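Enquirer: Here you go, this is my_file03.cif (mmCIF, C-alpha atoms and all ligand atoms).
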```cif
data_final
#
loop_
_atom_site.label_atom_id
_atom_site.label_comp_id
_atom_site.auth_asym_id
_atom_site.auth_seq_id
_atom_site.Cartn_x
_atom_site.Cartn_y
_atom_site.Cartn_z
CA MET V 1 7.46 -14.98 9.98
CA ASN V 2 8.15 -14.38 13.67
CA SER V 3 9.80 -17.77 14.08
CA SER V 4 10.05 -19.53 17.42
CA LYS V 5 13.31 -19.02 19.29
CA ASN V 6 15.99 -21.66 19.28
CA PRO V 7 18.40 -20.77 22.12
CA SER V 8 20.69 -23.76 21.65
CA ALA V 9 21.39 -22.71 18.04
CA ASN V 10 22.36 -19.23 19.28
CA GLN V 11 24.76 -20.63 21.86
CA ARG V 12 26.64 -22.62 19.30
CA GLY V 13 27.26 -19.53 17.17
CA PRO V 14 27.96 -19.78 13.44
CA HIS V 15 27.81 -23.42 12.49
CA PRO V 16 27.25 -25.18 9.17
CA LYS V 17 24.07 -26.67 10.59
CA SER V 18 22.62 -23.31 11.54
CA SER V 19 23.35 -21.80 8.12
CA LYS V 20 21.69 -24.84 6.59
CA ALA V 21 18.71 -24.29 8.84
CA LEU V 22 18.62 -20.64 7.85
CA ALA V 23 18.74 -21.55 4.18
CA LYS V 24 15.92 -24.04 4.73
CA GLU V 25 13.86 -21.39 6.46
CA GLN V 26 14.47 -19.01 3.57
CA VAL V 27 13.31 -21.64 1.08
CA LEU V 28 10.18 -22.21 3.13
CA ARG V 29 9.62 -18.46 3.40
CA GLU V 30 9.76 -18.11 -0.38
CA GLU V 31 7.82 -21.28 -1.01
CA LEU V 32 4.96 -20.12 1.20
CA ALA V 33 5.15 -16.50 0.03
CA LEU V 34 5.38 -15.56 3.69
CA ILE V 35 4.43 -12.02 4.52
CA GLU V 36 6.89 -9.81 6.38
CA GLY V 37 6.23 -10.16 10.11
CA GLN V 38 3.61 -12.85 9.58
CA SER V 39 2.54 -14.08 12.96
CA GLU V 40 3.26 -17.71 13.71
CA GLY V 41 0.88 -17.55 16.68
CA LEU V 42 -1.99 -16.50 14.44
CA LEU V 43 -1.26 -19.31 11.98
CA LYS V 44 -1.38 -21.71 14.93
CA ALA V 45 -4.64 -20.23 16.17
CA LEU V 46 -6.07 -20.77 12.68
CA HIS V 47 -4.77 -24.37 12.76
CA ILE V 48 -2.72 -23.76 9.63
CA LEU V 49 0.39 -24.53 11.68
CA THR V 50 0.33 -27.32 14.25
CA ARG V 51 1.20 -26.48 17.86
CA GLU V 52 4.74 -27.61 17.06
CA GLY V 53 4.85 -25.17 14.17
CA ARG V 54 4.57 -27.78 11.40
CA LEU V 55 2.57 -27.67 8.20
CA ASN V 56 0.92 -30.56 6.40
CA GLN V 57 0.67 -30.55 2.61
CA ASP V 58 -2.89 -29.19 2.52
CA ALA V 59 -2.08 -26.41 4.97
CA LYS V 60 1.03 -25.55 2.96
CA ARG V 61 -0.99 -25.27 -0.23
CA LYS V 62 -3.66 -23.17 1.45
CA LEU V 63 -1.20 -20.84 3.16
CA LYS V 64 0.61 -20.28 -0.10
CA GLN V 65 -2.62 -19.42 -1.91
CA VAL V 66 -3.86 -17.09 0.81
CA ASN V 67 -0.51 -15.34 1.23
CA HIS V 68 -0.25 -14.82 -2.51
CA LEU V 69 -3.72 -13.41 -2.66
CA VAL V 70 -3.09 -11.10 0.29
CA GLN V 71 0.07 -9.84 -1.36
CA LEU V 72 -1.72 -9.27 -4.67
CA MET V 73 -4.51 -7.43 -2.85
CA SER V 74 -2.24 -5.28 -0.71
CA ALA V 75 -0.94 -2.74 -3.24
CA PRO V 76 -4.32 -1.85 -4.79
CA MET V 77 -5.91 -1.75 -1.34
CA LEU V 78 -3.24 0.51 0.11
CA LYS V 79 -3.62 2.76 -2.94
CA LEU V 80 -7.38 2.85 -2.46
CA HIS V 81 -6.92 3.61 1.24
CA GLU V 82 -4.77 6.58 0.28
CA GLU V 83 -7.22 7.75 -2.41
CA LEU V 84 -9.96 7.76 0.19
CA GLY V 85 -7.94 10.05 2.45
CA GLY V 86 -5.90 7.49 4.38
CA GLU V 87 -7.95 7.66 7.54
CA LYS V 88 -11.12 5.72 6.97
CA ALA V 89 -10.93 1.97 7.55
CA LEU V 90 -11.48 0.03 4.35
CA SER V 91 -14.44 -2.34 4.47
CA VAL V 92 -13.86 -5.82 3.08
CA VAL V 93 -16.60 -8.42 2.64
CA ASP V 94 -15.39 -11.98 2.14
CA HIS V 95 -17.94 -14.41 0.66
CA GLY V 96 -17.85 -18.10 1.63
CA ALA V 97 -15.21 -17.31 4.23
CA GLY V 98 -14.85 -20.84 5.61
CA LYS V 99 -12.31 -20.64 8.45
CA SER V 100 -11.57 -17.07 7.38
CA TYR V 101 -7.89 -17.61 6.67
CA LEU V 102 -8.03 -14.83 4.10
CA GLY V 103 -9.77 -12.37 6.43
CA PHE V 104 -7.41 -13.02 9.35
CA ILE V 105 -4.20 -12.90 7.35
CA LEU V 106 -5.33 -9.77 5.52
CA TYR V 107 -6.40 -8.07 8.75
CA ASP V 108 -3.15 -8.97 10.50
CA ARG V 109 -1.11 -7.66 7.60
CA PHE V 110 -3.03 -4.38 7.39
CA GLN V 111 -2.96 -3.84 11.11
CA LYS V 112 0.83 -3.98 10.96
CA GLU V 113 0.85 -1.63 7.97
CA SER V 114 -1.39 0.91 9.65
CA HIS V 115 0.47 3.95 10.90
CA ALA V 116 -2.49 5.43 12.73
CA GLN V 117 -2.38 4.72 16.44
CA ASP V 118 -5.95 3.84 17.35
CA ASP V 119 -7.33 3.67 13.86
CA LEU V 120 -8.34 0.33 12.46
CA ALA V 121 -7.10 0.02 8.92
CA LEU V 122 -9.70 -2.60 7.99
CA GLU V 123 -13.22 -3.71 8.83
CA VAL V 124 -13.49 -7.29 7.60
CA TYR V 125 -16.79 -9.13 7.31
CA GLY V 126 -16.67 -12.88 6.75
CA LEU V 127 -19.87 -14.43 5.34
CA GLU V 128 -20.29 -18.13 5.95
CA MET V 129 -23.24 -20.48 6.10
CA ARG V 130 -21.65 -23.04 8.43
CA ALA V 131 -22.49 -21.86 11.93
CA GLU V 132 -19.59 -23.69 13.63
CA LEU V 133 -17.04 -21.94 11.41
CA VAL V 134 -18.61 -18.57 12.14
CA GLU V 135 -18.44 -19.26 15.87
CA ARG V 136 -14.86 -20.41 15.70
CA SER V 137 -13.79 -17.33 13.75
CA ARG V 138 -15.58 -15.06 16.22
CA GLN V 139 -13.67 -16.69 19.08
CA THR V 140 -10.31 -16.37 17.32
CA ALA V 141 -10.97 -12.70 16.53
CA GLN V 142 -11.86 -12.06 20.16
CA GLU V 143 -8.77 -13.86 21.44
CA TRP V 144 -6.58 -11.84 19.13
CA GLY V 145 -8.29 -8.55 19.86
CA PHE V 146 -9.18 -8.10 16.19
CA LYS V 147 -12.03 -5.67 16.82
CA GLY V 148 -12.54 -4.90 13.17
CA MET V 149 -13.39 -8.49 12.26
CA HIS V 150 -17.03 -9.53 12.05
CA PHE V 151 -18.57 -12.83 11.05
CA LEU V 152 -22.07 -13.34 9.73
CA HIS V 153 -23.89 -16.63 9.61
CA ILE V 154 -25.60 -15.98 6.31
CA ASP V 155 -26.16 -17.36 2.83
CA THR V 156 -24.17 -15.18 0.41
CA GLN V 157 -27.22 -14.76 -1.80
CA ASP V 158 -28.88 -12.75 1.00
CA ALA V 159 -25.84 -10.56 1.66
CA LYS V 160 -26.77 -7.57 -0.46
CA ASP V 161 -30.10 -7.21 1.35
CA THR V 162 -29.00 -7.50 4.96
CA ALA V 163 -28.76 -4.48 7.24
CA LEU V 164 -25.96 -6.25 9.13
CA LEU V 165 -23.47 -5.21 6.45
CA PRO V 166 -22.52 -1.60 5.74
CA ALA V 167 -24.32 0.28 2.99
CA GLN V 168 -20.98 1.18 1.47
CA VAL V 169 -18.34 -1.49 0.90
CA ASP V 170 -14.86 -0.93 -0.52
CA VAL V 171 -13.56 -4.41 -1.29
CA VAL V 172 -15.31 -7.69 -2.10
CA THR V 173 -13.55 -11.05 -2.01
CA ALA V 174 -14.45 -14.68 -2.65
CA LEU V 175 -11.75 -17.33 -2.40
CA HIS V 176 -12.98 -20.71 -3.60
CA ALA V 177 -16.51 -19.86 -2.53
CA CYS V 178 -18.48 -22.87 -3.75
CA ASP V 179 -20.50 -22.92 -6.95
CA THR V 180 -22.60 -19.78 -7.39
CA ALA V 181 -21.33 -18.04 -4.21
CA SER V 182 -18.78 -16.28 -6.47
CA ASP V 183 -21.71 -14.96 -8.51
CA ASP V 184 -23.35 -13.77 -5.29
CA ALA V 185 -20.10 -11.94 -4.49
CA ILE V 186 -20.19 -10.23 -7.89
CA GLU V 187 -23.84 -9.27 -7.46
CA PHE V 188 -23.02 -7.92 -3.99
CA ALA V 189 -20.10 -5.90 -5.37
CA LEU V 190 -22.34 -4.38 -8.05
CA ALA V 191 -25.05 -3.52 -5.53
CA LYS V 192 -22.52 -1.81 -3.23
CA ARG V 193 -20.44 -0.31 -6.05
CA ALA V 194 -17.37 -1.84 -4.39
CA ARG V 195 -14.13 -0.26 -5.62
CA LEU V 196 -12.17 -3.51 -5.79
CA VAL V 197 -13.24 -7.10 -6.35
CA PHE V 198 -11.02 -10.19 -5.99
CA ILE V 199 -12.58 -13.50 -6.99
CA VAL V 200 -10.86 -16.88 -7.13
CA PRO V 201 -13.74 -19.01 -8.42
CA CYS V 202 -14.46 -22.53 -7.29
CA CYS V 203 -16.27 -25.20 -9.27
CA GLN V 204 -19.45 -23.94 -10.93
CA ALA V 205 -21.90 -26.58 -12.06
CA GLU V 206 -24.77 -24.51 -13.40
CA PHE V 207 -23.51 -23.81 -16.93
CA ALA V 208 -22.11 -27.32 -17.35
CA SER V 209 -25.47 -28.77 -16.41
CA ALA V 210 -27.25 -26.54 -18.95
CA LEU V 211 -24.69 -27.50 -21.64
CA ARG V 212 -25.29 -31.17 -20.83
CA GLN V 213 -29.05 -30.86 -21.21
CA THR V 214 -28.87 -29.41 -24.71
CA LYS V 215 -25.85 -31.43 -25.86
CA ALA V 216 -27.62 -33.72 -28.33
CA LEU V 217 -29.34 -30.83 -30.05
CA SER V 218 -26.16 -28.76 -30.14
CA LEU V 219 -24.13 -31.63 -31.64
CA SER V 220 -26.66 -31.98 -34.43
CA GLN V 221 -26.52 -28.25 -35.18
CA SER V 222 -22.97 -27.02 -34.77
CA PRO V 223 -19.38 -28.28 -34.87
CA LEU V 224 -18.79 -25.95 -31.94
CA ALA V 225 -20.57 -28.52 -29.76
CA GLU V 226 -17.54 -30.80 -30.13
CA LEU V 227 -16.06 -28.56 -27.45
CA TRP V 228 -18.31 -30.21 -24.90
CA ARG V 229 -19.08 -33.67 -26.33
CA HIS V 230 -17.11 -35.50 -23.63
CA PRO V 231 -18.28 -35.18 -20.01
CA LEU V 232 -14.91 -33.92 -18.79
CA HIS V 233 -14.94 -31.23 -21.47
CA THR V 234 -18.53 -30.31 -20.60
CA ARG V 235 -17.43 -29.61 -17.05
CA GLU V 236 -14.32 -27.70 -18.04
CA LEU V 237 -16.00 -25.67 -20.74
CA GLY V 238 -18.87 -24.88 -18.37
CA SER V 239 -16.40 -23.58 -15.85
CA GLN V 240 -14.38 -21.64 -18.44
CA LEU V 241 -17.50 -20.06 -19.91
CA THR V 242 -18.72 -19.10 -16.46
CA ASN V 243 -15.54 -17.21 -15.70
CA VAL V 244 -15.38 -15.56 -19.12
CA MET V 245 -18.95 -14.37 -18.69
CA ARG V 246 -18.30 -13.18 -15.13
CA CYS V 247 -15.55 -10.95 -16.53
CA LEU V 248 -17.78 -9.59 -19.31
CA TYR V 249 -20.54 -8.98 -16.79
CA LEU V 250 -18.25 -6.97 -14.52
CA GLN V 251 -16.99 -4.98 -17.53
CA SER V 252 -20.55 -4.31 -18.64
CA GLN V 253 -21.26 -2.87 -15.18
CA GLY V 254 -18.37 -0.42 -15.02
CA TYR V 255 -15.37 -2.46 -13.95
CA GLN V 256 -11.96 -2.88 -15.50
CA VAL V 257 -11.03 -6.53 -15.27
CA SER V 258 -7.82 -8.52 -15.30
CA VAL V 259 -7.37 -12.26 -14.97
CA THR V 260 -4.23 -13.86 -13.63
CA GLU V 261 -2.97 -17.04 -12.06
CA LEU V 262 -2.97 -17.10 -8.28
CA VAL V 263 -0.24 -19.69 -7.70
CA GLY V 264 1.35 -22.32 -9.96
CA TRP V 265 -1.11 -24.87 -11.37
CA GLU V 266 0.74 -27.59 -9.52
CA HIS V 267 -0.65 -26.15 -6.26
CA SER V 268 -4.28 -25.78 -7.17
CA LEU V 269 -6.55 -26.38 -10.14
CA LYS V 270 -8.84 -23.61 -8.95
CA ASN V 271 -6.26 -21.01 -9.61
CA GLU V 272 -7.82 -18.22 -11.62
CA LEU V 273 -7.87 -14.80 -10.00
CA ILE V 274 -10.31 -12.24 -11.36
CA VAL V 275 -9.50 -8.71 -10.25
CA ALA V 276 -11.98 -5.95 -11.00
CA LYS V 277 -11.58 -2.23 -10.37
CA LEU V 278 -14.50 0.15 -10.46
CA THR V 279 -14.17 2.73 -13.23
CA SER V 280 -17.92 3.36 -13.67
CA GLN V 281 -17.44 3.19 -17.45
CA LYS V 282 -19.95 0.57 -18.47
CA SER V 283 -19.04 -1.37 -21.59
CA ARG V 284 -21.97 -1.98 -23.95
CA THR V 285 -19.68 -4.12 -26.05
CA ALA V 286 -19.07 -6.44 -23.12
CA ALA V 287 -22.80 -6.64 -22.42
CA ARG V 288 -23.51 -7.49 -26.07
CA ARG V 289 -20.72 -10.05 -26.22
CA LEU V 290 -21.95 -11.71 -23.08
CA LYS V 291 -25.46 -12.08 -24.46
CA GLN V 292 -24.12 -13.34 -27.80
CA LEU V 293 -22.00 -15.95 -26.05
CA MET V 294 -24.97 -17.09 -23.99
CA GLY V 295 -26.90 -17.44 -27.25
CA GLU V 296 -24.10 -19.33 -29.06
CA PHE V 297 -23.89 -21.88 -26.27
CA GLY V 298 -27.64 -22.25 -25.77
CA LEU V 299 -27.45 -20.70 -22.29
CA SER V 300 -29.68 -17.66 -22.81
CA ALA V 301 -32.37 -19.00 -20.48
CA LEU V 302 -29.93 -18.62 -17.59
CA GLY V 303 -29.12 -15.01 -18.47
CA PRO V 304 -31.73 -13.08 -16.44
CA LYS V 305 -31.05 -15.18 -13.34
CA ARG V 306 -27.25 -15.19 -13.53
CA PHE V 307 -26.65 -11.70 -14.87
CA PRO V 308 -29.67 -9.72 -13.67
CA ALA V 309 -28.16 -6.25 -14.11
CA LEU V 310 -28.27 -6.67 -17.91
CA ASP V 311 -31.33 -5.80 -19.93
CA TRP V 312 -32.36 -9.13 -21.42
CA SER V 313 -35.20 -7.62 -23.43
CA GLU V 314 -32.70 -5.83 -25.71
CA SER V 315 -31.57 -7.31 -29.02
CA THR V 316 -27.92 -8.45 -28.99
CA GLY V 317 -27.14 -6.81 -32.37
CA SER V 318 -25.28 -8.45 -35.22
CA PRO V 319 -21.97 -10.13 -34.41
CA GLU V 320 -20.35 -8.68 -37.57
CA SER V 321 -20.76 -5.09 -36.38
CA ASP V 322 -19.31 -5.92 -33.02
CA GLU V 323 -15.67 -5.06 -32.58
CA MET V 324 -14.01 -6.03 -29.34
CA GLU V 325 -10.88 -4.47 -27.95
CA PRO V 326 -7.95 -6.89 -28.18
CA GLU V 327 -7.04 -6.89 -24.48
CA HIS V 328 -9.24 -6.17 -21.49
CA GLY V 329 -9.57 -2.41 -21.83
CA LEU V 330 -13.29 -2.26 -22.49
CA GLN V 331 -13.68 1.41 -21.74
CA GLU V 332 -16.33 2.29 -24.28
CA SER V 333 -19.60 3.41 -22.65
C1 LIG I 401 -14.06 -24.27 -0.31
S1 LIG I 401 -14.49 -23.38 1.11
C2 LIG I 401 -13.41 -22.00 0.98
C3 LIG I 401 -13.29 -21.29 2.29
C4 LIG I 401 -12.35 -20.10 2.30
N1 LIG I 401 -12.76 -19.03 1.44
C5 LIG I 401 -10.95 -20.54 1.97
O1 LIG I 401 -10.52 -20.34 0.82
O2 LIG I 401 -10.31 -21.10 2.83
C6 LIG I 401 -16.05 -22.67 0.65
C7 LIG I 401 -16.83 -22.12 1.85
O3 LIG I 401 -17.92 -21.38 1.33
C8 LIG I 401 -19.05 -21.65 2.13
N2 LIG I 401 -20.22 -21.38 1.28
C9 LIG I 401 -20.54 -22.00 0.10
N3 LIG I 401 -21.66 -21.49 -0.40
C10 LIG I 401 -22.07 -20.52 0.46
C11 LIG I 401 -23.17 -19.64 0.49
N4 LIG I 401 -24.08 -19.64 -0.48
N5 LIG I 401 -23.29 -18.79 1.53
C12 LIG I 401 -22.35 -18.77 2.52
N6 LIG I 401 -21.28 -19.59 2.55
C13 LIG I 401 -21.14 -20.45 1.53
C14 LIG I 401 -18.89 -23.12 2.52
O4 LIG I 401 -19.65 -23.43 3.68
C15 LIG I 401 -17.40 -23.19 2.74
O5 LIG I 401 -17.04 -22.93 4.07
#
```
Take the structure in this file and express it as structure tokens.
Expert:
Amino acid sequence: MNSSKNPSANQRGPHPKSSKALAKEQVLREELALIEGQSEGLLKALHILTREGRLNQDAKRKLKQVNHLVQLMSAPMLKLHEELGGEKALSVVDHGAGKSYLGFILYDRFQKESHAQDDLALEVYGLEMRAELVERSRQTAQEWGFKGMHFLHIDTQDAKDTALLPAQVDVVTALHACDTASDDAIEFALAKRARLVFIVPCCQAEFASALRQTKALSLSQSPLAELWRHPLHTRELGSQLTNVMRCLYLQSQGYQVSVTELVGWEHSLKNELIVAKLTSQKSRTAARRLKQLMGEFGLSALGPKRFPALDWSESTGSPESDEMEPEHGLQES
């Protein structure tokens, strides 16, 4: 980070206190996964750092998450930029942007990486339904001269149909976008055939609610229902199933998917990062597995609404004949 100057420390020269301070700064740098050249002024403008340059616990957690995500996104994005000829700005659409920490930090990082003089390396679009956050982000972008940042006051479920977003989008993100906004991001990515998708899901209540409604019947029919007998387990299983099915859905629509941890679990419970890369090799196995899982858990009624790109009139086939690849390489078409 471009840290603020401390002239008195310089005057004193090498001193045990200054080396201690340096060591402390290094610890903080590592702890926050700070990005090379990360601008302290921008972090202040985003109210992540206070005017005095301090961080509270929440801001620390958030900065760490966002920095980690930006670092995980950087290599595949730079590779994609190169694959596309290295000149065109990559378009990124962030769903449920909130205060747009992710968009700003990503933009700042890419601007510094860009070797082209007048070329913008990124065009970032933040989608947010809270008007005051959209306005605030617009002001910050203007103050910082970030011409490639755009903010739309929009519900994410309308994003794929608006003419305000480009017809072709390279990267789709959703960091803790509430409830089904992550699903909107996936649907948007499929509609735009986005090359890269980065989703860190938030709570999702829809599947848990459906599991709850059919719980009594399920418990009378299958020992599997023990998995969601207790309310806490219902919520957790609902959330787990949602993410598993999101991965299968992306695979069924031509994406290669990997799932990793964003930061240590001690920093956030909503810590699962789903990364999807477009290969255009649709996996029928993933589609079949998704439908079978929906059936097993009594969730089939939600299928057409939640995963509309699948053909729900098709039979799912017999589970016995269905062999799944051991890892996540579902490349069969
Ligand atoms: C938990 S915050 C996360 C914000 C930001 N991505 C971050 O990680 O700092 C979720 C944001 O998504 C927005 N949001 C939730 N559902 C949305 C929807 N359907 N359309 C647009 N914005 C939505 C909320 O208003 C909120 O600002």
Enquirer: In Å, with one decimal, what is the gap from atom CA of Leu262 of chain V to atom CA of His176 of chain V?
Expert: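 Atom CA of His176 of chain V lies 11.6 Å from atom CA of Leu262 of chain V.
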Enquirer: Taking only C-alpha atoms and all ligand atoms into account, name the residue in V:Glu236, V:Glu272, V:Asp311, V:Asp184 that is nearest to ligand LIG 401 (chain I).
Expert: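 Among the listed residues, the smallest separation from ligand LIG 401 (chain I) belongs to V:Asp184.
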Enquirer: Neighbouring residues of ligand LIG 401 (chain I) are defined here as those with any atom at most 7 Å from a ligand atom, counting all atoms listed in the file; list them as a list in words.
Expert: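 My answer, listing the contacting residues, is His95, Gly96, Ala97, Gly98, Lys99, Ser100, Tyr101, Leu102, Leu127, Glu128, Met129, Arg130, Ile154, Asp155, Thr156, Gln157, Ala174, Leu175, His176, Ala177, Cys178, Asp179 and Ala181 of chain V.
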Enquirer: If we count all atoms listed in the file, what is near Leu237 of chain V at a cut-off of 8 Å, once residues fewer than 4 positions away on the same chain are taken out, given as an mmCIF file with C-alpha atoms, in the frame of the given file?
Expert:
```
data_model
loop_
_atom_site.group_PDB
_atom_site.id
_atom_site.type_symbol
_atom_site.label_atom_id
_atom_site.label_comp_id
_atom_site.auth_asym_id
_atom_site.auth_seq_id
_atom_site.Cartn_x
_atom_site.Cartn_y
_atom_site.Cartn_z
ATOM 1 C CA ALA V 208 -22.110 -27.320 -17.350
ATOM 2 C CA LEU V 227 -16.060 -28.560 -27.450
ATOM 3 C CA TRP V 228 -18.310 -30.210 -24.900
ATOM 4 C CA HIS V 233 -14.940 -31.230 -21.470
ATOM 5 C CA LEU V 241 -17.500 -20.060 -19.910
#
```
Enquirer: What gap, in Å, lies between atom CA of Ala216 of chain V and atom CA of Glu296 of chain V?
Expert: 14.8 Å
Enquirer: Can you measure atom CA of Val124 of chain V to atom CA of Ala59 of chain V for me? One decimal in Å is fine.
Expert: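 Distance between the two atoms: 22.4 Å.
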Enquirer: Which residues come within 8 Å of segment 186-199 of chain V, counting only C-alpha atoms, excluding same-chain residues fewer than 5 positions away, as a list of chain:residue names?
Expert: V:Met73, V:Met77, V:Ala159, V:Lys160, V:Ala167, V:Gln168, V:Val169, V:Asp170, V:Val171, V:Val172, V:Thr173, V:Ala174, V:Leu175, V:His176, V:Leu250, V:Gln253, V:Leu273, V:Ile274, V:Val275, V:Ala276, V:Lys277, V:Leu278
Enquirer: Could those selected residues go to a file with C-alpha atoms, as a compact mmCIF listing (two decimals), in the coordinates of the input?
Expert:
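Result file is result.txt:
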```txt
# COMPACT_ATOMS: atom_id res chain seq x y z
CA MET V 73 -4.51 -7.43 -2.85
CA MET V 77 -5.91 -1.75 -1.34
CA ALA V 159 -25.84 -10.56 1.66
CA LYS V 160 -26.77 -7.57 -0.46
CA ALA V 167 -24.32 0.28 2.99
CA GLN V 168 -20.98 1.18 1.47
CA VAL V 169 -18.34 -1.49 0.90
CA ASP V 170 -14.86 -0.93 -0.52
CA VAL V 171 -13.56 -4.41 -1.29
CA VAL V 172 -15.31 -7.69 -2.10
CA THR V 173 -13.55 -11.05 -2.01
CA ALA V 174 -14.45 -14.68 -2.65
CA LEU V 175 -11.75 -17.33 -2.40
CA HIS V 176 -12.98 -20.71 -3.60
CA LEU V 250 -18.25 -6.97 -14.52
CA GLN V 253 -21.26 -2.87 -15.18
CA LEU V 273 -7.87 -14.80 -10.00
CA ILE V 274 -10.31 -12.24 -11.36
CA VAL V 275 -9.50 -8.71 -10.25
CA ALA V 276 -11.98 -5.95 -11.00
CA LYS V 277 -11.58 -2.23 -10.37
CA LEU V 278 -14.50 0.15 -10.46
```
Enquirer: Rank nothing, just name the residue among V:Gln240, V:Gln292, V:Asn56, V:Thr234 nearest to Gln213 of chain V, using only C-alpha atoms.
Expert: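 Going through V:Gln240, V:Gln292, V:Asn56, V:Thr234 one by one, the smallest distance to Gln213 of chain V is for V:Thr234.
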Enquirer: Quick one: residues within 10 Å of Leu63 of chain V, all atoms listed in the file, excluding same-chain residues fewer than 2 positions away - as an NGL selection string?
Expert: :V and (31-34 or 43 or 48-49 or 55 or 57-61 or 65-69 or 101-102 or 105)
Enquirer: Applying 12 Å and all atoms listed in the file, which residues near Asp108 of chain V remain after dropping the ones on its own chain fewer than 2 positions away? List them as an MDAnalysis selection string.
Expert: chainID V and resid 35:43 67 70 74 101:106 110:114 120:124 141 144:149
Enquirer: Would you output that residue set with C-alpha atoms, as a JSON list (two decimals), in the coordinates of the input?
Expert:
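Heads up, here's the output in out09.json:
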```json
[["chain", "number", "residue", "atom", "x", "y", "z"],
["V", 35, "ILE", "CA", 4.43, -12.02, 4.52],
["V", 36, "GLU", "CA", 6.89, -9.81, 6.38],
["V", 37, "GLY", "CA", 6.23, -10.16, 10.11],
["V", 38, "GLN", "CA", 3.61, -12.85, 9.58],
["V", 39, "SER", "CA", 2.54, -14.08, 12.96],
["V", 40, "GLU", "CA", 3.26, -17.71, 13.71],
["V", 41, "GLY", "CA", 0.88, -17.55, 16.68],
["V", 42, "LEU", "CA", -1.99, -16.50, 14.44],
["V", 43, "LEU", "CA", -1.26, -19.31, 11.98],
["V", 67, "ASN", "CA", -0.51, -15.34, 1.23],
["V", 70, "VAL", "CA", -3.09, -11.10, 0.29],
["V", 74, "SER", "CA", -2.24, -5.28, -0.71],
["V", 101, "TYR", "CA", -7.89, -17.61, 6.67],
["V", 102, "LEU", "CA", -8.03, -14.83, 4.10],
["V", 103, "GLY", "CA", -9.77, -12.37, 6.43],
["V", 104, "PHE", "CA", -7.41, -13.02, 9.35],
["V", 105, "ILE", "CA", -4.20, -12.90, 7.35],
["V", 106, "LEU", "CA", -5.33, -9.77, 5.52],
["V", 110, "PHE", "CA", -3.03, -4.38, 7.39],
["V", 111, "GLN", "CA", -2.96, -3.84, 11.11],
["V", 112, "LYS", "CA", 0.83, -3.98, 10.96],
["V", 113, "GLU", "CA", 0.85, -1.63, 7.97],
["V", 114, "SER", "CA", -1.39, 0.91, 9.65],
["V", 120, "LEU", "CA", -8.34, 0.33, 12.46],
["V", 121, "ALA", "CA", -7.10, 0.02, 8.92],
["V", 122, "LEU", "CA", -9.70, -2.60, 7.99],
["V", 123, "GLU", "CA", -13.22, -3.71, 8.83],
["V", 124, "VAL", "CA", -13.49, -7.29, 7.60],
["V", 141, "ALA", "CA", -10.97, -12.70, 16.53],
["V", 144, "TRP", "CA", -6.58, -11.84, 19.13],
["V", 145, "GLY", "CA", -8.29, -8.55, 19.86],
["V", 146, "PHE", "CA", -9.18, -8.10, 16.19],
["V", 147, "LYS", "CA", -12.03, -5.67, 16.82],
["V", 148, "GLY", "CA", -12.54, -4.90, 13.17],
["V", 149, "MET", "CA", -13.39, -8.49, 12.26]]
```
Enquirer: List the neighbours of Phe151 of chain V out to 7 Å using all atoms listed in the file; skip same-chain residues closer than 3 positions along the sequence, and give me the result as a PDB file with C-alpha atoms, in the coordinates of the input.
Expert:
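Writing the result to out_3.pdb gives the following:
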```pdb
ATOM      1  CA  TYR V 125     -16.790  -9.130   7.310  1.00  0.00           C
ATOM      2  CA  GLY V 126     -16.670 -12.880   6.750  1.00  0.00           C
ATOM      3  CA  LEU V 127     -19.870 -14.430   5.340  1.00  0.00           C
ATOM      4  CA  VAL V 134     -18.610 -18.570  12.140  1.00  0.00           C
ATOM      5  CA  ARG V 138     -15.580 -15.060  16.220  1.00  0.00           C
TER       6      ARG V 138
END
```
Enquirer: Rank V:Asn271, V:Gln139, V:Ser182, V:Thr162 by their smallest atom-to-atom distance to Asp94 of chain V, using only C-alpha atoms, and report the top residue only.
Expert: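 Nearest to Asp94 of chain V: V:Ser182.
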